[in-house]
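target05.cif follows (mmCIF, C-alpha atoms):
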```
data_entry
#
loop_
_atom_site.group_PDB
_atom_site.id
_atom_site.type_symbol
_atom_site.label_atom_id
_atom_site.label_comp_id
_atom_site.auth_asym_id
_atom_site.auth_seq_id
_atom_site.Cartn_x
_atom_site.Cartn_y
_atom_site.Cartn_z
ATOM 1 C CA MET A 1 114.398 30.751 134.518
ATOM 2 C CA VAL A 2 115.947 34.213 134.570
ATOM 3 C CA VAL A 3 119.368 32.713 133.747
ATOM 4 C CA LEU A 4 119.707 29.633 131.546
ATOM 5 C CA SER A 5 122.523 27.093 131.707
ATOM 6 C CA GLU A 6 123.745 24.583 129.132
ATOM 7 C CA ASP A 7 126.947 22.663 128.463
ATOM 8 C CA ASP A 8 128.894 22.445 125.229
ATOM 9 C CA GLY A 9 131.875 20.192 125.706
ATOM 10 C CA GLY A 10 133.951 21.611 128.537
ATOM 11 C CA VAL A 11 132.190 24.988 128.267
ATOM 12 C CA ARG A 12 129.201 26.068 130.326
ATOM 13 C CA ILE A 13 127.045 28.700 128.616
ATOM 14 C CA LEU A 14 125.015 30.963 130.910
ATOM 15 C CA THR A 15 122.351 33.168 129.325
ATOM 16 C CA PHE A 16 120.604 36.094 130.991
ATOM 17 C CA ASN A 17 116.994 35.329 130.144
ATOM 18 C CA ARG A 18 114.755 38.377 130.478
ATOM 19 C CA PRO A 19 114.720 39.319 126.783
ATOM 20 C CA GLU A 20 111.504 41.340 127.101
ATOM 21 C CA ARG A 21 113.439 43.694 129.461
ATOM 22 C CA LEU A 22 116.759 43.532 127.566
ATOM 23 C CA ASN A 23 117.914 41.316 130.461
ATOM 24 C CA ALA A 24 117.729 44.166 132.964
ATOM 25 C CA TRP A 25 119.278 43.106 136.262
ATOM 26 C CA THR A 26 117.209 42.057 139.277
ATOM 27 C CA ALA A 27 118.204 40.583 142.631
ATOM 28 C CA GLU A 28 116.653 37.261 141.592
ATOM 29 C CA MET A 29 118.685 37.236 138.396
ATOM 30 C CA GLY A 30 121.870 38.052 140.291
ATOM 31 C CA ARG A 31 121.388 35.227 142.788
ATOM 32 C CA ARG A 32 120.683 32.726 140.020
ATOM 33 C CA TYR A 33 123.701 33.885 137.988
ATOM 34 C CA PHE A 34 126.094 33.691 140.920
ATOM 35 C CA ASP A 35 124.715 30.297 141.981
ATOM 36 C CA LEU A 36 125.318 28.973 138.467
ATOM 37 C CA LEU A 37 128.819 30.426 138.417
ATOM 38 C CA GLU A 38 129.581 28.694 141.719
ATOM 39 C CA GLU A 39 128.241 25.411 140.357
ATOM 40 C CA ALA A 40 130.401 25.747 137.254
ATOM 41 C CA ASP A 41 133.475 26.546 139.339
ATOM 42 C CA ARG A 42 132.950 23.390 141.422
ATOM 43 C CA ASP A 43 132.318 21.133 138.416
ATOM 44 C CA PRO A 44 135.585 19.524 137.234
ATOM 45 C CA SER A 45 134.104 18.943 133.769
ATOM 46 C CA VAL A 46 133.696 22.712 133.229
ATOM 47 C CA ARG A 47 136.905 24.333 131.988
ATOM 48 C CA ALA A 48 135.466 27.713 130.894
ATOM 49 C CA VAL A 49 132.224 29.700 131.128
ATOM 50 C CA VAL A 50 130.581 31.882 128.477
ATOM 51 C CA VAL A 51 128.031 34.511 129.579
ATOM 52 C CA THR A 52 125.631 36.128 127.116
ATOM 53 C CA GLY A 53 122.103 37.534 126.879
ATOM 54 C CA ALA A 54 118.907 36.275 125.278
ATOM 55 C CA GLY A 55 117.305 38.402 122.588
ATOM 56 C CA LYS A 56 118.622 41.848 121.697
ATOM 57 C CA GLY A 57 120.422 42.743 124.902
ATOM 58 C CA PHE A 58 123.316 41.551 127.038
ATOM 59 C CA CYS A 59 122.120 43.401 130.147
ATOM 60 C CA ALA A 60 120.529 46.849 130.039
ATOM 61 C CA GLY A 61 121.507 47.688 133.615
ATOM 62 C CA ALA A 62 119.427 47.591 136.769
ATOM 63 C CA ASP A 63 115.712 47.010 136.220
ATOM 64 C CA PHE A 64 113.856 50.315 136.510
ATOM 65 C CA ALA A 65 111.238 48.699 138.741
ATOM 66 C CA ASP A 66 113.998 48.078 141.285
ATOM 67 C CA LEU A 67 115.385 51.597 140.852
ATOM 68 C CA THR A 68 111.930 53.068 141.420
ATOM 69 C CA ALA A 69 111.451 50.928 144.521
ATOM 70 C CA ILE A 70 114.810 52.116 145.881
ATOM 71 C CA GLN A 71 113.825 55.729 145.186
ATOM 72 C CA THR A 72 110.516 55.364 147.075
ATOM 73 C CA GLY A 73 112.021 53.372 149.928
ATOM 74 C CA LYS A 74 109.953 50.277 149.105
ATOM 75 C CA TYR A 75 112.793 48.032 147.984
ATOM 76 C CA ALA A 76 112.712 45.047 150.311
ATOM 77 C CA GLU A 77 114.575 42.392 148.283
ATOM 78 C CA GLU A 78 117.241 40.667 150.360
ATOM 79 C CA GLN A 79 120.677 41.503 149.019
ATOM 80 C CA ASP A 80 123.049 38.741 147.956
ATOM 81 C CA PRO A 81 126.238 38.842 150.063
ATOM 82 C CA ARG A 82 128.317 38.083 146.963
ATOM 83 C CA PRO A 83 129.549 41.326 145.365
ATOM 84 C CA ASN A 84 129.025 42.200 141.721
ATOM 85 C CA THR A 85 132.741 41.589 141.216
ATOM 86 C CA PHE A 86 132.167 37.938 142.204
ATOM 87 C CA PRO A 87 133.274 36.459 138.816
ATOM 88 C CA THR A 88 136.803 37.774 139.413
ATOM 89 C CA THR A 89 137.109 35.494 142.465
ATOM 90 C CA LEU A 90 136.397 32.262 140.563
ATOM 91 C CA ARG A 91 139.077 29.840 139.407
ATOM 92 C CA THR A 92 137.365 29.166 136.072
ATOM 93 C CA PRO A 93 137.821 31.703 133.235
ATOM 94 C CA VAL A 94 134.639 33.590 132.327
ATOM 95 C CA VAL A 95 134.125 34.927 128.789
ATOM 96 C CA ALA A 96 131.462 37.603 128.185
ATOM 97 C CA ALA A 97 129.730 37.514 124.800
ATOM 98 C CA VAL A 98 128.127 40.964 124.624
ATOM 99 C CA ASN A 99 125.382 40.533 122.040
ATOM 100 C CA GLY A 100 123.488 43.811 122.446
ATOM 101 C CA ALA A 101 122.569 46.527 124.949
ATOM 102 C CA CYS A 102 125.264 46.664 127.640
ATOM 103 C CA ALA A 103 124.480 49.522 130.013
ATOM 104 C CA GLY A 104 125.243 50.593 133.561
ATOM 105 C CA LEU A 105 125.310 47.562 135.824
ATOM 106 C CA GLY A 106 125.285 45.388 132.701
ATOM 107 C CA MET A 107 128.572 46.974 131.671
ATOM 108 C CA VAL A 108 129.964 46.195 135.121
ATOM 109 C CA HIS A 109 129.016 42.537 134.660
ATOM 110 C CA ALA A 110 130.663 42.421 131.240
ATOM 111 C CA LEU A 111 133.921 43.952 132.446
ATOM 112 C CA VAL A 112 134.312 41.766 135.546
ATOM 113 C CA CYS A 113 134.486 38.783 133.194
ATOM 114 C CA ASP A 114 138.018 37.751 132.289
ATOM 115 C CA VAL A 115 137.677 38.115 128.513
ATOM 116 C CA VAL A 116 135.083 40.102 126.556
ATOM 117 C CA VAL A 117 133.978 39.449 122.984
ATOM 118 C CA THR A 118 131.367 41.867 121.642
ATOM 119 C CA ALA A 119 129.100 42.267 118.673
ATOM 120 C CA GLY A 120 130.470 45.181 116.672
ATOM 121 C CA ASP A 121 127.102 46.940 116.647
ATOM 122 C CA ALA A 122 126.231 46.284 120.314
ATOM 123 C CA LYS A 123 125.305 49.476 122.161
ATOM 124 C CA TRP A 124 127.397 50.177 125.263
ATOM 125 C CA THR A 125 126.960 52.966 127.827
ATOM 126 C CA THR A 126 127.857 53.660 131.439
ATOM 127 C CA ALA A 127 124.637 55.733 131.756
ATOM 128 C CA PHE A 128 125.217 56.588 135.429
ATOM 129 C CA SER A 129 125.690 60.344 135.101
ATOM 130 C CA ARG A 130 122.454 60.568 133.073
ATOM 131 C CA ARG A 131 120.512 58.920 135.904
ATOM 132 C CA GLY A 132 121.959 61.000 138.728
ATOM 133 C CA LEU A 133 124.174 58.112 139.838
ATOM 134 C CA VAL A 134 127.912 57.491 140.219
ATOM 135 C CA ALA A 135 130.290 54.898 138.771
ATOM 136 C CA GLU A 136 128.909 51.772 140.400
ATOM 137 C CA TYR A 137 130.468 48.631 141.833
ATOM 138 C CA GLY A 138 134.105 49.385 141.102
ATOM 139 C CA LEU A 139 133.665 50.567 137.513
ATOM 140 C CA GLY A 140 135.490 53.809 138.387
ATOM 141 C CA TRP A 141 138.455 51.609 139.299
ATOM 142 C CA ILE A 142 138.201 49.110 136.428
ATOM 143 C CA LEU A 143 137.611 51.457 133.480
ATOM 144 C CA PRO A 144 140.819 53.557 133.810
ATOM 145 C CA ARG A 145 142.855 50.367 134.012
ATOM 146 C CA LEU A 146 141.297 48.949 130.866
ATOM 147 C CA ALA A 147 140.855 52.055 128.723
ATOM 148 C CA GLY A 148 143.047 54.722 130.357
ATOM 149 C CA GLN A 149 141.984 57.707 132.452
ATOM 150 C CA ALA A 150 141.017 60.001 129.575
ATOM 151 C CA ARG A 151 138.653 57.481 127.991
ATOM 152 C CA ALA A 152 137.261 56.438 131.360
ATOM 153 C CA MET A 153 136.501 60.073 132.174
ATOM 154 C CA ASP A 154 134.769 60.492 128.824
ATOM 155 C CA LEU A 155 132.605 57.384 129.195
ATOM 156 C CA LEU A 156 131.675 58.004 132.828
ATOM 157 C CA LEU A 157 131.144 61.768 132.698
ATOM 158 C CA SER A 158 129.192 61.828 129.440
ATOM 159 C CA GLY A 159 127.260 58.577 129.765
ATOM 160 C CA ARG A 160 127.275 58.542 125.967
ATOM 161 C CA VAL A 161 126.357 55.493 123.885
ATOM 162 C CA PHE A 162 129.196 53.830 121.988
ATOM 163 C CA THR A 163 129.429 50.702 119.854
ATOM 164 C CA GLY A 164 131.044 47.366 120.502
ATOM 165 C CA ALA A 165 133.574 48.221 117.790
ATOM 166 C CA GLU A 166 134.609 51.304 119.779
ATOM 167 C CA ALA A 167 134.647 49.286 123.012
ATOM 168 C CA CYS A 168 137.096 46.900 121.362
ATOM 169 C CA ALA A 169 139.258 49.749 120.056
ATOM 170 C CA MET A 170 139.443 51.152 123.609
ATOM 171 C CA GLY A 171 140.522 47.822 125.100
ATOM 172 C CA LEU A 172 137.239 46.865 126.776
ATOM 173 C CA ALA A 173 136.903 43.802 124.525
ATOM 174 C CA VAL A 174 139.439 41.592 122.776
ATOM 175 C CA ARG A 175 137.357 41.148 119.641
ATOM 176 C CA ALA A 176 134.390 42.792 117.886
ATOM 177 C CA VAL A 177 132.562 40.498 115.472
ATOM 178 C CA PRO A 178 129.295 40.508 113.514
ATOM 179 C CA GLY A 179 126.402 39.732 115.827
ATOM 180 C CA GLU A 180 125.392 36.563 114.016
ATOM 181 C CA ARG A 181 128.859 35.073 114.683
ATOM 182 C CA LEU A 182 129.286 36.318 118.238
ATOM 183 C CA LEU A 183 128.213 33.332 120.333
ATOM 184 C CA ALA A 184 129.894 30.821 118.054
ATOM 185 C CA GLU A 185 133.195 32.714 118.248
ATOM 186 C CA ALA A 186 132.982 33.182 122.020
ATOM 187 C CA VAL A 187 132.236 29.487 122.530
ATOM 188 C CA ALA A 188 135.019 28.477 120.128
ATOM 189 C CA TYR A 189 137.454 30.645 122.114
ATOM 190 C CA ALA A 190 136.259 29.092 125.392
ATOM 191 C CA LYS A 191 136.543 25.591 123.916
ATOM 192 C CA GLU A 192 140.158 26.281 123.015
ATOM 193 C CA LEU A 193 140.813 27.279 126.628
ATOM 194 C CA ALA A 194 139.061 24.101 127.759
ATOM 195 C CA ALA A 195 140.994 21.833 125.429
ATOM 196 C CA GLN A 196 144.455 23.394 125.366
ATOM 197 C CA CYS A 197 145.026 25.180 128.685
ATOM 198 C CA SER A 198 145.724 23.924 132.189
ATOM 199 C CA PRO A 199 142.841 24.665 134.603
ATOM 200 C CA ALA A 200 145.342 25.157 137.434
ATOM 201 C CA SER A 201 147.412 27.577 135.362
ATOM 202 C CA MET A 202 144.346 29.577 134.322
ATOM 203 C CA ALA A 203 143.117 29.769 137.921
ATOM 204 C CA ILE A 204 146.449 31.149 139.126
ATOM 205 C CA ILE A 205 146.788 33.538 136.173
ATOM 206 C CA LYS A 206 143.343 34.944 137.004
ATOM 207 C CA ARG A 207 144.481 35.554 140.566
ATOM 208 C CA GLN A 208 147.718 37.142 139.364
ATOM 209 C CA ILE A 209 145.955 39.561 137.024
ATOM 210 C CA TRP A 210 142.981 40.599 139.151
ATOM 211 C CA GLY A 211 145.073 40.693 142.328
ATOM 212 C CA GLY A 212 148.054 42.273 140.598
ATOM 213 C CA TRP A 213 146.182 45.527 140.062
ATOM 214 C CA GLN A 214 146.543 46.128 143.779
ATOM 215 C CA THR A 215 150.282 45.464 144.018
ATOM 216 C CA GLY A 216 153.508 47.041 142.831
ATOM 217 C CA LEU A 217 155.806 45.579 140.185
ATOM 218 C CA ASP A 218 158.362 44.224 142.659
ATOM 219 C CA GLU A 219 155.722 42.459 144.729
ATOM 220 C CA ALA A 220 154.058 41.023 141.617
ATOM 221 C CA ARG A 221 157.437 39.804 140.313
ATOM 222 C CA ASP A 222 158.340 38.070 143.586
ATOM 223 C CA GLU A 223 154.898 36.464 143.825
ATOM 224 C CA ALA A 224 155.243 35.217 140.232
ATOM 225 C CA VAL A 225 158.581 33.567 141.110
ATOM 226 C CA ARG A 226 156.930 31.758 144.040
ATOM 227 C CA LEU A 227 153.964 30.639 141.918
ATOM 228 C CA MET A 228 156.230 29.509 139.080
ATOM 229 C CA THR A 229 158.277 27.357 141.466
ATOM 230 C CA GLU A 230 155.049 25.733 142.650
ATOM 231 C CA SER A 231 153.914 25.147 139.073
ATOM 232 C CA PHE A 232 157.053 23.138 138.301
ATOM 233 C CA ARG A 233 155.859 20.542 140.840
ATOM 234 C CA ARG A 234 152.339 20.154 139.432
ATOM 235 C CA PRO A 235 151.348 17.409 136.988
ATOM 236 C CA ASP A 236 150.062 20.134 134.649
ATOM 237 C CA PHE A 237 153.654 21.169 133.918
ATOM 238 C CA ALA A 238 154.765 17.635 133.102
ATOM 239 C CA GLU A 239 151.723 17.123 130.861
ATOM 240 C CA GLY A 240 152.182 20.484 129.132
ATOM 241 C CA VAL A 241 155.780 19.664 128.209
ATOM 242 C CA ALA A 242 155.030 16.047 127.265
ATOM 243 C CA SER A 243 152.080 16.931 125.029
ATOM 244 C CA PHE A 244 154.182 19.561 123.242
ATOM 245 C CA LEU A 245 157.092 17.170 122.648
ATOM 246 C CA GLU A 246 154.754 14.360 121.594
ATOM 247 C CA ARG A 247 152.774 16.698 119.346
ATOM 248 C CA ARG A 248 149.390 15.744 120.809
ATOM 249 C CA PRO A 249 146.555 17.585 122.541
ATOM 250 C CA PRO A 250 147.193 18.015 126.290
ATOM 251 C CA ASP A 251 145.210 16.061 128.870
ATOM 252 C CA PHE A 252 145.349 18.358 131.873
ATOM 253 C CA PRO A 253 143.813 17.178 135.163
ATOM 254 C CA PRO A 254 140.707 18.989 136.449
ATOM 255 C CA LEU A 255 140.906 21.372 139.375
ATOM 256 C CA ALA A 256 140.700 19.645 142.726
#
```

Can you give me the file's structure in the form of structure tokens?
Amino acid sequence: MVVLSEDDGGVRILTFNRPERLNAWTAEMGRRYFDLLEEADRDPSVRAVVVTGAGKGFCAGADFADLTAIQTGKYAEEQDPRPNTFPTTLRTPVVAAVNGACAGLGMVHALVCDVVVTAGDAKWTTAFSRRGLVAEYGLGWILPRLAGQARAMDLLLSGRVFTGAEACAMGLAVRAVPGERLLAEAVAYAKELAAQCSPASMAIIKRQIWGGWQTGLDEARDEAVRLMTESFRRPDFAEGVASFLERRPPDFPPLA
């Protein structure tokens, strides 16, 4: 399988599994990944997803065999209708554990996850300008919002390689850790989300953050007031307060 799936408590771990190609992206891999994400989002036992790569890479970008086929006009693979930003549309939080090479399209797939944890020595690069390409699949929109315009310009114009530690310092990841601890820390973080946080709250917060980039402050504020009023009527709110007062772990209901 080009993407592996396993469960650990309330966490589903998805692993890009083309280690001999540093998990370079193919249409087959994309379909499998998105199918597994959809399955996880529908499964009430899954409260968070962790995405990582097998071997030494997270995802080294588009597979060069596909790029060559596109260049020669021989690329006939049917395209998946789901966009590469698909993870942002899910209700379930998705945590990227960037274990190694994270380049081009691979960097897109890391940054459309909700939270990124990276190995400190992982090698990151946009790479596009060095291949005669442009900022793909919304990265020219995402990067300035995460790292600021000056850093986004640097990374996209130069296509230079930078480390996971620098990615974290720029705001592309929340944590940079030694590679041998990466997956364990990412899964531990996801397990805390699964055990302590309301699935309904996380789903709405995701929508607020990803959707809020397209709205003004006043609109976002008014929408938050509406959503907060709705949240007062959900059982998650009653359970969140009760578990805090009773000093016990919460038992939030799954998403419908």

Proximity to Leu105 (chain A) - best of A:Thr85, A:Thr118, A:Thr92, A:Thr126, all atoms listed in the file: A:Thr126

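Taking CA of Ser45 (chain A) and CA of Cys102 (chain A) as the two end points, the separation is 29.7 Å.
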
I'd like a table as a Markdown table: residues in region 76-98 of chain A with an atom no more than 9 Å from region 179-188 of chain A, each row giving the shortest atom pair and its distance in Å to one decimal, only C-alpha atoms counted, sorted by chain and rising residue number.
```
| residue | atom | partner | partner_atom | distance |
| --- | --- | --- | --- | --- |
| A:Val95 | CA | A:Ala186 | CA | 7.1 |
| A:Ala96 | CA | A:Ala186 | CA | 7.7 |
| A:Ala97 | CA | A:Ala186 | CA | 6.1 |
| A:Val98 | CA | A:Leu182 | CA | 8.0 |
```

Test item: residues at most 12 Å from Val116 (chain A), all atoms listed in the file, excluding those fewer than 5 positions along its chain, as a VMD selection string: chain A and resid 49 to 52 58 93 to 99 102 107 to 111 146 164 167 to 168 171 to 177 182 to 183 185 to 187 189 to 190

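Residue nearest Arg32 (chain A) within the list A:Val2, A:Val46, A:Cys197, A:Ala152: A:Val2 [criterion: smallest interatomic distance, only C-alpha atoms].
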
Exercise: Phe252 (chain A) partners within 10 Å, only C-alpha atoms, chain neighbours under 4 positions left out, as a PyMOL selection string: chain A and resi 194-200+235-240+243

Incomplete region 9-27 of chain A brought to N, CA and C atoms, written out as a tab-separated table (two decimals), in the frame of the given file:
```tsv
chain	number	residue	atom	x	y	z
A	9	GLY	N	130.53	20.68	125.45
A	9	GLY	CA	131.88	20.19	125.71
A	9	GLY	C	132.29	20.60	127.11
A	10	GLY	N	133.47	21.15	127.24
A	10	GLY	CA	133.95	21.61	128.54
A	10	GLY	C	133.55	23.03	128.86
A	11	VAL	N	132.61	23.59	128.09
A	11	VAL	CA	132.19	24.99	128.27
A	11	VAL	C	130.77	25.03	128.81
A	12	ARG	N	130.55	25.82	129.84
A	12	ARG	CA	129.20	26.07	130.33
A	12	ARG	C	128.74	27.44	129.83
A	13	ILE	N	127.60	27.46	129.18
A	13	ILE	CA	127.04	28.70	128.62
A	13	ILE	C	125.91	29.17	129.52
A	14	LEU	N	126.04	30.36	130.08
A	14	LEU	CA	125.02	30.96	130.91
A	14	LEU	C	124.38	32.12	130.14
A	15	THR	N	123.06	32.16	130.12
A	15	THR	CA	122.35	33.17	129.32
A	15	THR	C	121.38	33.94	130.20
A	16	PHE	N	121.59	35.25	130.32
A	16	PHE	CA	120.60	36.09	130.99
A	16	PHE	C	119.31	35.99	130.20
A	17	ASN	N	118.20	35.71	130.88
A	17	ASN	CA	116.99	35.33	130.14
A	17	ASN	C	115.78	36.16	130.54
A	18	ARG	N	115.90	37.47	130.36
A	18	ARG	CA	114.76	38.38	130.48
A	18	ARG	C	114.71	39.23	129.20
A	19	PRO	N	114.58	38.59	128.05
A	19	PRO	CA	114.72	39.32	126.78
A	19	PRO	C	113.71	40.44	126.62
A	20	GLU	N	112.52	40.29	127.22
A	20	GLU	CA	111.50	41.34	127.10
A	20	GLU	C	111.92	42.62	127.83
A	21	ARG	N	112.92	42.53	128.72
A	21	ARG	CA	113.44	43.69	129.46
A	21	ARG	C	114.91	43.93	129.11
A	22	LEU	N	115.35	43.43	127.96
A	22	LEU	CA	116.76	43.53	127.57
A	22	LEU	C	117.67	43.00	128.67
A	23	ASN	N	117.16	41.98	129.39
A	23	ASN	CA	117.91	41.32	130.46
A	23	ASN	C	118.34	42.28	131.56
A	24	ALA	N	117.46	43.24	131.86
A	24	ALA	CA	117.73	44.17	132.96
A	24	ALA	C	117.91	43.38	134.26
A	25	TRP	N	118.82	43.84	135.08
A	25	TRP	CA	119.28	43.11	136.26
A	25	TRP	C	118.29	43.23	137.41
A	26	THR	N	118.01	42.09	138.05
A	26	THR	CA	117.21	42.06	139.28
A	26	THR	C	117.97	41.24	140.31
A	27	ALA	N	117.55	41.36	141.58
A	27	ALA	CA	118.20	40.58	142.63
A	27	ALA	C	118.04	39.09	142.38
```
